[in-house]
Amino acid sequence: MLPITTDEVRRWRIEIEQAEKFKDDEFGSATKGKIKGVGENIGYFENGYSARYLQEYSKLDPNYLVPLNIIYPIVKNIIPSLYYKNPYIVAIPKRTKDEDSAPYSSAITNHYFKQLDVKRINQHVIFDAYVLGMGVCKLGYATRFGMDIEDEETEKKRQQEQKKGLLQILGLRKSKEPEELPKNIDLNEFIISESPYVIWVNPFNFGIDPMANSIYEANYVYEKILTTLDRVKTNKNYKNTKNLRGVDLEANFAKSIPSTQIEKFKPIELYEVHYKTDEGINILVLAKDQEDYVALRHDKNIYDIDGFQYELLTFNKHGHKLYPKSEVDIAKPLQDRINNTFENILEQIDKFVSKLFVDETGMTEMGKKALKDGMLGSICYTNKNPNEVVKEFTMTQVKADMIGIIEKMIDIISLETGITRAMLTGLTSAETATEAQIGQAGQNLRLSDKADMVADYSNRQGRKLWQIIKQFVDLEEIELITGETAFDDVTGTPRYNWLEPIDKNMRYKLITGEYDFQIEVGSTQKPDLPILRKQVENLVNILGGKGVLEAFAAQGYKIELAEILKKYLLLFPD
């Protein structure tokens, strides 16, 4: 543990408290009883309104409120278009000598993308970026000692294992049972000993140096971790834990817990601070113990990566504000207006029902009772001509202009969010196919920049993951499939093409190689299969034209129509 003085701890306490206040004001919070800013957006997504809306605008009890939730279908339509159906990272060599090792780098990175379920993590991050304005993930490596903890014997152990393996092959040493390592060293099932990890980080628990305009300029970032006092005290990587008290429990609840088990229930907040120094990045873990801050860990960052361990995705970031505005923030005022208008319409429907004017003296007592009961087929006796005793009074229930207002507000939301009315409602006012295509093209254009941002985020994420892999993973133990499969003609069982094993020479090339990482074009979810099929059909028709293949052949190109048709058949999954 690096030395840290009391004054330095006090300084970091001030830094964190100021950063937390700034984040609450500029970003928001989702703490129970203190929901504000983008913290309201989860409620808008799920319910179509927030607690603030109920307090300030709605006249109804929440149990009787029937919102017209526009936010939910917008999010559920846009987010899937930004997901990755089959994410595949391509490693592009920066130098000629890295060409033969680039396919290995790509295959290894994609192996861990699948093993660590990075697709699921990125789906959470994209959702947060759209709904909250910022999505966050964290990358690292878990040794046998824990997350981000250096194992100084790693390289020595690798050399010993390689030497033992050679002796066993020569018959000069008996094979030994493999060392039992702790598997799940964290509650997160994807954080496994001796493996890289990529995890989702709650944006409400993540903060950036408020003096910066972006994470790239920040002097530090931090993550707030809520855990129990017992888990902190039993963590061998933490120091100064003996006198920690944690948060006091409610008296009646504390009485029901045995005194020996009380620390398993006591919560405590930790702040994991990553800050820059002249020599790199250091990690400082502080416990907020009631009114005190205690340093539990202070070490150098073990990673040779670009910047911090955290990677961010935002859609509306600009240089004038640290925490960007989310898409839902833009639509919230109109959602409130739609709810108000819809509530007024329903109120009119409830109040302005048809009424009966009755001449009380013209009805018998039995007739009055039958009229009040309202049973079907009731016989109402009158003393006079029924046309002179009872008269129905009908009022206009809903004014047409109120319905028109909702229509216009939905149009404005469609304009702001870039989603067409057809996608939002399933209906379209387009009278021709051309008009519908123009509207769809506009929607695609407005979403294309978001797709580019997701791709850039995935590229940065892939690069950091590779930097962690080549630093810690024993590359010579990895066996990889190229992804191309075939079937045995006799047995019908699948055959797989395996990459050649990684030897010492290839391992050295991978470690010293320089690559750019790009998400493969076309791996994003584009579920419009009919359009894709038509495009392939058009291409085949062009290539099948008179003299086309001959012209390509004259220029030295050979086009296999059979291979194109194979790809075409993949567009028919059924």
# chains A, B, ... in the order shown; residues from 1 in each chain; ligands from 1
>>> residues_around(residues="range 90-93 of chain A", least_positions_apart="4", cutoff="9 Å", atoms="only C-alpha atoms", output="JSON, numbers by chain")
{"A": [97, 98, 99, 100, 101, 102, 103, 104, 105, 106, 107, 109, 110, 463, 513, 514, 515, 516, 517, 518, 519, 520]}
>>> closest_residue(among="A:Leu139, A:Leu284, A:Val198, A:Ile469", to="Tyr222 in chain A", atoms="only C-alpha atoms")
A:Leu284
>>> residues_around(residues="Leu322 in chain A", least_positions_apart="4", cutoff="10 Å", atoms="only C-alpha atoms", output="ChimeraX atom specification")
/A:23,26-27,208-215,218,317-318
>>> write_last_selection(atoms="all heavy atoms", output="tab-separated table (two decimals), in the first residue's frame")
chain	number	residue	atom	x	y	z
A	23	LYS	N	-22.34	16.50	-9.41
A	23	LYS	CA	-23.03	15.48	-10.20
A	23	LYS	C	-24.53	15.47	-9.89
A	23	LYS	O	-25.35	15.33	-10.80
A	23	LYS	CB	-22.43	14.11	-9.92
A	23	LYS	CG	-22.96	13.02	-10.85
A	23	LYS	CD	-22.39	11.67	-10.52
A	23	LYS	CE	-22.96	11.16	-9.21
A	23	LYS	NZ	-22.63	9.76	-8.93
A	26	GLU	N	-25.94	18.58	-11.75
A	26	GLU	CA	-25.86	18.58	-13.20
A	26	GLU	C	-26.39	17.32	-13.86
A	26	GLU	O	-26.85	17.35	-15.00
A	26	GLU	CB	-24.39	18.80	-13.63
A	26	GLU	CG	-23.81	20.12	-13.21
A	26	GLU	CD	-24.48	21.29	-13.91
A	26	GLU	OE1	-24.75	21.18	-15.11
A	26	GLU	OE2	-24.74	22.31	-13.25
A	27	PHE	N	-26.30	16.21	-13.16
A	27	PHE	CA	-26.71	14.92	-13.72
A	27	PHE	C	-28.01	14.43	-13.08
A	27	PHE	O	-29.00	14.20	-13.75
A	27	PHE	CB	-25.59	13.90	-13.53
A	27	PHE	CG	-25.84	12.56	-14.15
A	27	PHE	CD1	-25.88	12.40	-15.52
A	27	PHE	CD2	-26.02	11.44	-13.35
A	27	PHE	CE1	-26.11	11.15	-16.09
A	27	PHE	CE2	-26.25	10.19	-13.90
A	27	PHE	CZ	-26.28	10.05	-15.28
A	208	ILE	N	-17.02	12.08	-12.32
A	208	ILE	CA	-15.84	12.58	-13.03
A	208	ILE	C	-15.41	13.89	-12.38
A	208	ILE	O	-16.24	14.64	-11.86
A	208	ILE	CB	-16.16	12.82	-14.52
A	208	ILE	CG1	-16.76	11.55	-15.15
A	208	ILE	CG2	-14.92	13.24	-15.30
A	208	ILE	CD1	-17.25	11.74	-16.57
A	209	ASP	N	-14.14	14.14	-12.42
A	209	ASP	CA	-13.56	15.40	-11.92
A	209	ASP	C	-14.37	16.58	-12.46
A	209	ASP	O	-14.41	16.81	-13.67
A	209	ASP	CB	-12.11	15.47	-12.40
A	209	ASP	CG	-11.44	16.78	-12.04
A	209	ASP	OD1	-12.03	17.57	-11.27
A	209	ASP	OD2	-10.32	17.02	-12.53
A	210	PRO	N	-15.05	17.35	-11.59
A	210	PRO	CA	-15.91	18.44	-12.07
A	210	PRO	C	-15.15	19.60	-12.71
A	210	PRO	O	-15.77	20.46	-13.34
A	210	PRO	CB	-16.65	18.90	-10.80
A	210	PRO	CG	-15.77	18.48	-9.68
A	210	PRO	CD	-15.09	17.22	-10.12
A	211	MET	N	-13.83	19.62	-12.57
A	211	MET	CA	-13.04	20.67	-13.21
A	211	MET	C	-12.80	20.39	-14.69
A	211	MET	O	-12.31	21.26	-15.41
A	211	MET	CB	-11.69	20.82	-12.49
A	211	MET	CG	-11.81	21.23	-11.03
A	211	MET	SD	-12.52	22.88	-10.86
A	211	MET	CE	-11.18	23.88	-11.49
A	212	ALA	N	-13.15	19.18	-15.13
A	212	ALA	CA	-12.92	18.79	-16.53
A	212	ALA	C	-14.20	18.90	-17.33
A	212	ALA	O	-15.30	19.00	-16.78
A	212	ALA	CB	-12.38	17.37	-16.58
A	213	ASN	N	-14.06	18.88	-18.66
A	213	ASN	CA	-15.21	18.87	-19.57
A	213	ASN	C	-15.47	17.49	-20.17
A	213	ASN	O	-16.47	17.30	-20.86
A	213	ASN	CB	-15.00	19.88	-20.70
A	213	ASN	CG	-15.29	21.29	-20.24
A	213	ASN	OD1	-16.12	21.51	-19.37
A	213	ASN	ND2	-14.58	22.26	-20.82
A	214	SER	N	-14.57	16.54	-19.91
A	214	SER	CA	-14.76	15.17	-20.39
A	214	SER	C	-13.85	14.27	-19.58
A	214	SER	O	-12.95	14.72	-18.88
A	214	SER	CB	-14.44	15.05	-21.89
A	214	SER	OG	-13.04	15.15	-22.10
A	215	ILE	N	-14.06	12.97	-19.72
A	215	ILE	CA	-13.25	12.01	-18.98
A	215	ILE	C	-11.80	12.04	-19.46
A	215	ILE	O	-10.88	11.71	-18.71
A	215	ILE	CB	-13.84	10.59	-19.11
A	215	ILE	CG1	-13.14	9.62	-18.16
A	215	ILE	CG2	-13.76	10.10	-20.56
A	215	ILE	CD1	-13.78	8.24	-18.10
A	218	ALA	N	-10.05	14.69	-17.46
A	218	ALA	CA	-10.24	14.61	-16.01
A	218	ALA	C	-8.96	14.18	-15.31
A	218	ALA	O	-8.21	13.33	-15.80
A	218	ALA	CB	-11.37	13.64	-15.69
A	317	LYS	N	-22.94	14.57	-26.17
A	317	LYS	CA	-21.82	15.23	-25.50
A	317	LYS	C	-21.29	16.36	-26.35
A	317	LYS	O	-21.12	16.23	-27.56
A	317	LYS	CB	-20.71	14.21	-25.24
A	317	LYS	CG	-19.54	14.75	-24.42
A	317	LYS	CD	-19.93	14.91	-22.98
A	317	LYS	CE	-18.77	15.46	-22.16
A	317	LYS	NZ	-18.51	16.89	-22.39
A	318	HIS	N	-21.03	17.50	-25.69
A	318	HIS	CA	-20.33	18.61	-26.35
A	318	HIS	C	-19.32	19.18	-25.36
A	318	HIS	O	-19.27	18.76	-24.20
A	318	HIS	CB	-21.32	19.68	-26.82
A	318	HIS	CG	-22.25	20.17	-25.76
A	318	HIS	ND1	-21.84	21.00	-24.73
A	318	HIS	CD2	-23.57	19.95	-25.55
A	318	HIS	CE1	-22.86	21.28	-23.95
A	318	HIS	NE2	-23.94	20.64	-24.42
>>> residues_around(residues="Ile564 in chain A", least_positions_apart="4", cutoff="9 Å", atoms="only C-alpha atoms", output="PyMOL selection string")
chain A and resi 536+540+559-560+568-569
>>> select_by_dssp(residues="range 157-377 of chain A", states="strand (DSSP E)", output="ChimeraX atom specification")
/A:195-201,206-208,220-228,267-277,280-289,292-300,310-313,355-358
>>> atom_distance(atom1="CA of Arg231 in chain A", atom2="CA of Glu20 in chain A")
24.3 Å
>>> atom_distance(atom1="CA of Phe127 in chain A", atom2="CA of Asn459 in chain A")
18.1 Å
>>> select_by_dssp(residues="range 529-566 of chain A", states="alpha helix (DSSP H)", output="ChimeraX atom specification")
/A:529-543,548-554,561-566
>>> closest_residue(among="A:Leu68, A:Val390, A:Val221, A:Met409", to="Ala19 in chain A", atoms="only C-alpha atoms")
A:Val221
>>> residues_around(residues="range 327-329 of chain A", least_positions_apart="6", cutoff="9 Å", atoms="only C-alpha atoms", output="ChimeraX atom specification")
/A:37-38,41,44-45,71,75,129-133,315-316,416-417
>>> closest_residue(among="A:Ala51, A:Leu465, A:Leu565, A:Met363", to="Arg533 in chain A", atoms="only C-alpha atoms")
A:Leu565
>>> residues_around(residues="Lys464 in chain A", least_positions_apart="4", cutoff="9 Å", atoms="only C-alpha atoms", output="PDB file with C-alpha atoms, in the first residue's frame")
ATOM      1  CA  LEU A 139     -12.542  -3.283 -17.818  1.00  0.00           C
ATOM      2  CA  GLY A 140      -9.855  -5.085 -15.875  1.00  0.00           C
ATOM      3  CA  ILE A 305      -3.912   0.773 -21.137  1.00  0.00           C
ATOM      4  CA  ASP A 306      -5.089   4.005 -22.752  1.00  0.00           C
ATOM      5  CA  GLN A 309     -10.247   1.511 -16.789  1.00  0.00           C
ATOM      6  CA  GLU A 311     -15.158   3.500 -20.917  1.00  0.00           C
ATOM      7  CA  ASN A 459     -13.698   0.101 -30.819  1.00  0.00           C
ATOM      8  CA  ARG A 460     -12.230   1.834 -27.744  1.00  0.00           C
ATOM      9  CA  ILE A 468      -5.458  -6.138 -20.793  1.00  0.00           C
ATOM     10  CA  ILE A 469      -5.456  -9.562 -22.461  1.00  0.00           C
TER      11      ILE A 469
END
>>> atom_distance(atom1="CA of Asp128 in chain A", atom2="CA of Leu116 in chain A")
19.7 Å
>>> closest_atom_pairs(of="range 222-266 of chain A", to="range 297-300 of chain A", cutoff="10 Å", atoms="only C-alpha atoms", output="JSON lines")
{"residue": "A:Asn237", "atom": "CA", "partner": "A:Arg297", "partner_atom": "CA", "distance": 7.1}
{"residue": "A:Tyr238", "atom": "CA", "partner": "A:Arg297", "partner_atom": "CA", "distance": 5.5}
{"residue": "A:Lys239", "atom": "CA", "partner": "A:Arg297", "partner_atom": "CA", "distance": 6.4}
{"residue": "A:Asn240", "atom": "CA", "partner": "A:Arg297", "partner_atom": "CA", "distance": 8.8}
>>> closest_residue(among="A:Ile149, A:Ile192, A:Ile262, A:Ile16", to="Lys224 in chain A", atoms="only C-alpha atoms")
A:Ile16
>>> residues_around(residues="range 34-36 of chain A", least_positions_apart="6", cutoff="10 Å", atoms="only C-alpha atoms", output="PDB file with N, CA, C and O atoms, in the first residue's frame")
ATOM      1  N   ASP A  24     -24.892  15.623  -8.622  1.00  0.00           N
ATOM      2  CA  ASP A  24     -26.314  15.676  -8.259  1.00  0.00           C
ATOM      3  C   ASP A  24     -27.018  16.837  -8.934  1.00  0.00           C
ATOM      4  O   ASP A  24     -28.164  16.719  -9.386  1.00  0.00           O
ATOM      5  N   ASP A  25     -26.328  17.984  -9.007  1.00  0.00           N
ATOM      6  CA  ASP A  25     -26.938  19.175  -9.596  1.00  0.00           C
ATOM      7  C   ASP A  25     -27.009  19.087 -11.117  1.00  0.00           C
ATOM      8  O   ASP A  25     -28.010  19.489 -11.727  1.00  0.00           O
ATOM      9  N   PHE A  27     -26.301  16.214 -13.162  1.00  0.00           N
ATOM     10  CA  PHE A  27     -26.714  14.924 -13.724  1.00  0.00           C
ATOM     11  C   PHE A  27     -28.006  14.433 -13.076  1.00  0.00           C
ATOM     12  O   PHE A  27     -29.003  14.203 -13.751  1.00  0.00           O
ATOM     13  N   GLY A  28     -27.990  14.311 -11.766  1.00  0.00           N
ATOM     14  CA  GLY A  28     -29.174  13.863 -11.048  1.00  0.00           C
ATOM     15  C   GLY A  28     -28.846  12.729 -10.107  1.00  0.00           C
ATOM     16  O   GLY A  28     -27.690  12.313  -9.968  1.00  0.00           O
ATOM     17  N   GLY A  43     -38.445   6.374 -14.266  1.00  0.00           N
ATOM     18  CA  GLY A  43     -39.891   6.403 -14.057  1.00  0.00           C
ATOM     19  C   GLY A  43     -40.651   6.742 -15.329  1.00  0.00           C
ATOM     20  O   GLY A  43     -41.708   6.162 -15.602  1.00  0.00           O
ATOM     21  N   SER A  50     -43.211  10.838 -13.583  1.00  0.00           N
ATOM     22  CA  SER A  50     -42.302  10.768 -12.444  1.00  0.00           C
ATOM     23  C   SER A  50     -43.048  11.167 -11.173  1.00  0.00           C
ATOM     24  O   SER A  50     -44.183  11.665 -11.220  1.00  0.00           O
ATOM     25  N   ALA A  51     -42.387  10.996 -10.013  1.00  0.00           N
ATOM     26  CA  ALA A  51     -42.976  11.424  -8.750  1.00  0.00           C
ATOM     27  C   ALA A  51     -43.185  12.938  -8.746  1.00  0.00           C
ATOM     28  O   ALA A  51     -44.170  13.437  -8.189  1.00  0.00           O
ATOM     29  N   ARG A  52     -42.283  13.667  -9.376  1.00  0.00           N
ATOM     30  CA  ARG A  52     -42.439  15.127  -9.459  1.00  0.00           C
ATOM     31  C   ARG A  52     -43.692  15.499 -10.230  1.00  0.00           C
ATOM     32  O   ARG A  52     -44.420  16.415  -9.855  1.00  0.00           O
TER      33      ARG A  52
END
